[in-house]
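Notes for the one structure printed next.
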Amino acid sequence: LRLLLLVAVEVIFFSLFFVVPALHWNLFPKHDVRTLHKETILHSAENRLPYLVFISPDERYLYVMFARSRIPSFGRIEIQRPSSYKFQGKFYENIMRYLTVTVIQRKNIALVHTFDRIPGIGRSSITHVVNLDTFEDTGRLETVVRDLTRSVYDPQTDQIIVIDKRECDLWLVPVDDFIAGNMDNARKYHFQDMLAMDDAVLNPKKNAAYIYGEGGYGIKEINLKSGKVRSLFMPKATWGLTLDEQRNQLYLSRPMDFGFYVVDSEKFVLKKKIRTRGIPRGICNLDGADAVAVGLYVGNKLLIYDTKKFGLLYAIPACAKIRSVVYDDKGRKLYFADNCGVHLVRIPRRK
């Protein structure tokens with residue numbers, strides 16, 4: 001009886017949070033919403049799914065990270081020469097299924113964070129230093145950070161933000177110290193109310209970073225010079241965050257609320273909630289286009305909203321599980337990753 005009850009609860013949970021939103025979109029579509037052409041520039045391989053994409057600081061490459069593969073990998077696509085979309089990749093054996101990448105442009109290197117399992121200790125973080133000319137490893141680091149989920153490089157302060165997901169710790173480390181394996185000069189923050197910290201987003205104008213996590217309890221703003229921290233409490237998970245510098249707004253992907261939030265980045269208060277009729281994950285502000293793109297993890301759509309009145313502008317069909325969305329504002333090109341591959345959508349100018 002207890003087993004049957006557990007199965008029933010799981011079925012109800014799955015239906016409420018995954019099946020119903022997807023059906024709601026498909027059964028009740030808005031006929032007046034336009035779509036845009038989608039071009040696939042990289043197809044998924046068997047058992048190798050793209051899950052994170054980002055554009056290099058020099059805007060020459062689109063970096064892609066692959067998950068759930070026998071041999072985890074990352075690579076880049078040259079997007080300044082779109083006729084070929086040449087792909088260059090790097091593969092890692094004997095590690096866990098996930099990796100994340102941070103590019104340090106001034107050193108022409110990538111920091112590739114992976115994980116290993118040590119008997120009696122559990123998961124341990126390993127960072128590979130990769131030369132971006134040859135894609136060869138030039139170093140291997142093991143630090144005191146146990147679960148290094150993500151790092152973000154800040155060129156203004158020449159330091160990296162290191163996130164320890166499991167321990168709820170955040171480190172601000174001079175990049176040269178980190179590469180040398182020295183954490184003595186790092187500033188460490190422990191956020192007990194930030195369960196499962198996932199990523200950081202920079203605000204260059206304020207010299208600050210915004211931190212969010214999958215475990216809920218809100219977001220935080222850290223001043224990267226003074227170290228001052230501001231908190232905004234909001235229960236339930238945040239799966240993505242993007243900054244609109246022009247409007248001084250943050251857009252937060254909120255899966256349990258089936259939508260995204262708008263937060264005033266100056267006053268650090270919640271302004272608005274928008275429903276997406278699906279479960280959002282990847283989210284990206286479209287600089288200069290007065291729009292925000294929201295990728296549905298469940299719902300098979302990439303949605304683009306106006307950031308003045310937050311009306312839905314476009315709905316682009318996609319495969320399941322859009323995990324990551326990025327925008328090239330100079331070329332007005334939107335890239336996103338789903339289960340089928342990496343895709344490009346050209347954003348038209350609006351009158």
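Just so we're on the same page: first chain in the structure tokens is A, next is B, and so on; residues restart at 1 for each chain, and ligands are numbered from 1 in the order they show up.
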Shell of 10 Å around region 229-236 of chain A, only C-alpha atoms, local chain residues under 6 positions omitted, as a PyMOL selection string: chain A and resi 189+193+208-211+213-223+254-257+263+268-270
Exercise: Gly282 (chain A) partners within 9 Å, only C-alpha atoms, chain neighbours under 2 positions left out, as a PyMOL selection string: chain A and resi 239-241+253+280+284+293-297+322-326+336-337
Expected answer as number ranges by chain: alpha helix (DSSP H) residues in region 138-346 of chain A: A: 175-179
Produce a file of the selected residues containing C-alpha atoms, as a PDB file, in the first residue's frame.
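Dumped everything to part_37.pdb:
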ATOM      1  CA  VAL A 175      42.635  34.448 -11.592  1.00  0.00           C
ATOM      2  CA  ASP A 176      46.432  34.025 -11.466  1.00  0.00           C
ATOM      3  CA  ASP A 177      46.168  32.658  -7.927  1.00  0.00           C
ATOM      4  CA  PHE A 178      43.494  30.174  -8.957  1.00  0.00           C
ATOM      5  CA  ILE A 179      45.552  28.879 -11.906  1.00  0.00           C
TER       6      ILE A 179
END
Of the listed residues A:Lys86, A:His113, A:Lys38, A:Arg106, that which approaches Val342 (chain A) most closely, counting only C-alpha atoms: A:Lys38
10 Å contact set for Val103 (chain A), only C-alpha atoms, chain neighbours under 3 positions out, as a list in words: Phe54, Ile55, Ser56, Pro57, Tyr63, Arg106, Lys107, Asn108, Ile109, Ala110, Leu111, Val112, Val129, Val130, Leu132, Ser151, Val152 and Tyr153 of chain A
Test item, strand (DSSP E) assignment across region 205-329 of chain A, answer as a VMD selection string: chain A and resid 208 to 213 219 to 223 229 to 232 240 to 244 249 to 254 259 to 264 269 to 275 279 to 286 291 to 298 301 to 306 312 to 317 324 to 328
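Nearest residue to Asn285 (chain A) among A:Thr143, A:Gln246, A:Ser44, A:Thr100 is A:Gln246, counting only C-alpha atoms.
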Shell around Ala45 (chain A) at 9 Å using only C-alpha atoms, local window under 4 positions removed, as a list in words: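 Counting only the stated atoms, we get Leu49, Cys340 and Gly341 of chain A.
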Spatial neighbours of Gln88 (chain A), 9 Å, only C-alpha atoms, chain gap at least 4 places, as a list in words: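 So, after excluding close chain neighbours, the residues are Phe74, Gly75, Arg76, Ile77, Glu78 and Phe135 of chain A.
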Next, the residues of the selection above should be written as a PDB file, in the first residue's frame with N, CA, C and O atoms.
ATOM      1  N   PHE A  74      33.524  19.430 -24.647  1.00  0.00           N
ATOM      2  CA  PHE A  74      33.109  20.786 -24.997  1.00  0.00           C
ATOM      3  C   PHE A  74      33.798  21.144 -26.295  1.00  0.00           C
ATOM      4  O   PHE A  74      34.759  20.499 -26.725  1.00  0.00           O
ATOM      5  N   GLY A  75      33.282  22.150 -26.949  1.00  0.00           N
ATOM      6  CA  GLY A  75      33.872  22.576 -28.210  1.00  0.00           C
ATOM      7  C   GLY A  75      33.390  23.960 -28.568  1.00  0.00           C
ATOM      8  O   GLY A  75      32.687  24.617 -27.799  1.00  0.00           O
ATOM      9  N   ARG A  76      33.774  24.411 -29.745  1.00  0.00           N
ATOM     10  CA  ARG A  76      33.359  25.749 -30.171  1.00  0.00           C
ATOM     11  C   ARG A  76      33.068  25.751 -31.658  1.00  0.00           C
ATOM     12  O   ARG A  76      33.636  24.970 -32.428  1.00  0.00           O
ATOM     13  N   ILE A  77      32.187  26.647 -32.031  1.00  0.00           N
ATOM     14  CA  ILE A  77      31.799  26.829 -33.424  1.00  0.00           C
ATOM     15  C   ILE A  77      32.197  28.242 -33.835  1.00  0.00           C
ATOM     16  O   ILE A  77      31.879  29.212 -33.136  1.00  0.00           O
ATOM     17  N   GLU A  78      32.881  28.367 -34.936  1.00  0.00           N
ATOM     18  CA  GLU A  78      33.276  29.698 -35.417  1.00  0.00           C
ATOM     19  C   GLU A  78      32.065  30.360 -36.057  1.00  0.00           C
ATOM     20  O   GLU A  78      31.614  29.953 -37.131  1.00  0.00           O
ATOM     21  N   PHE A 135      43.878  23.314 -28.071  1.00  0.00           N
ATOM     22  CA  PHE A 135      42.898  22.497 -27.348  1.00  0.00           C
ATOM     23  C   PHE A 135      43.574  21.376 -26.558  1.00  0.00           C
ATOM     24  O   PHE A 135      42.976  20.339 -26.297  1.00  0.00           O
TER      25      PHE A 135
END
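When CA of Ile79 (chain A) is paired with CA of Thr307 (chain A), their separation reads 26.9 Å.
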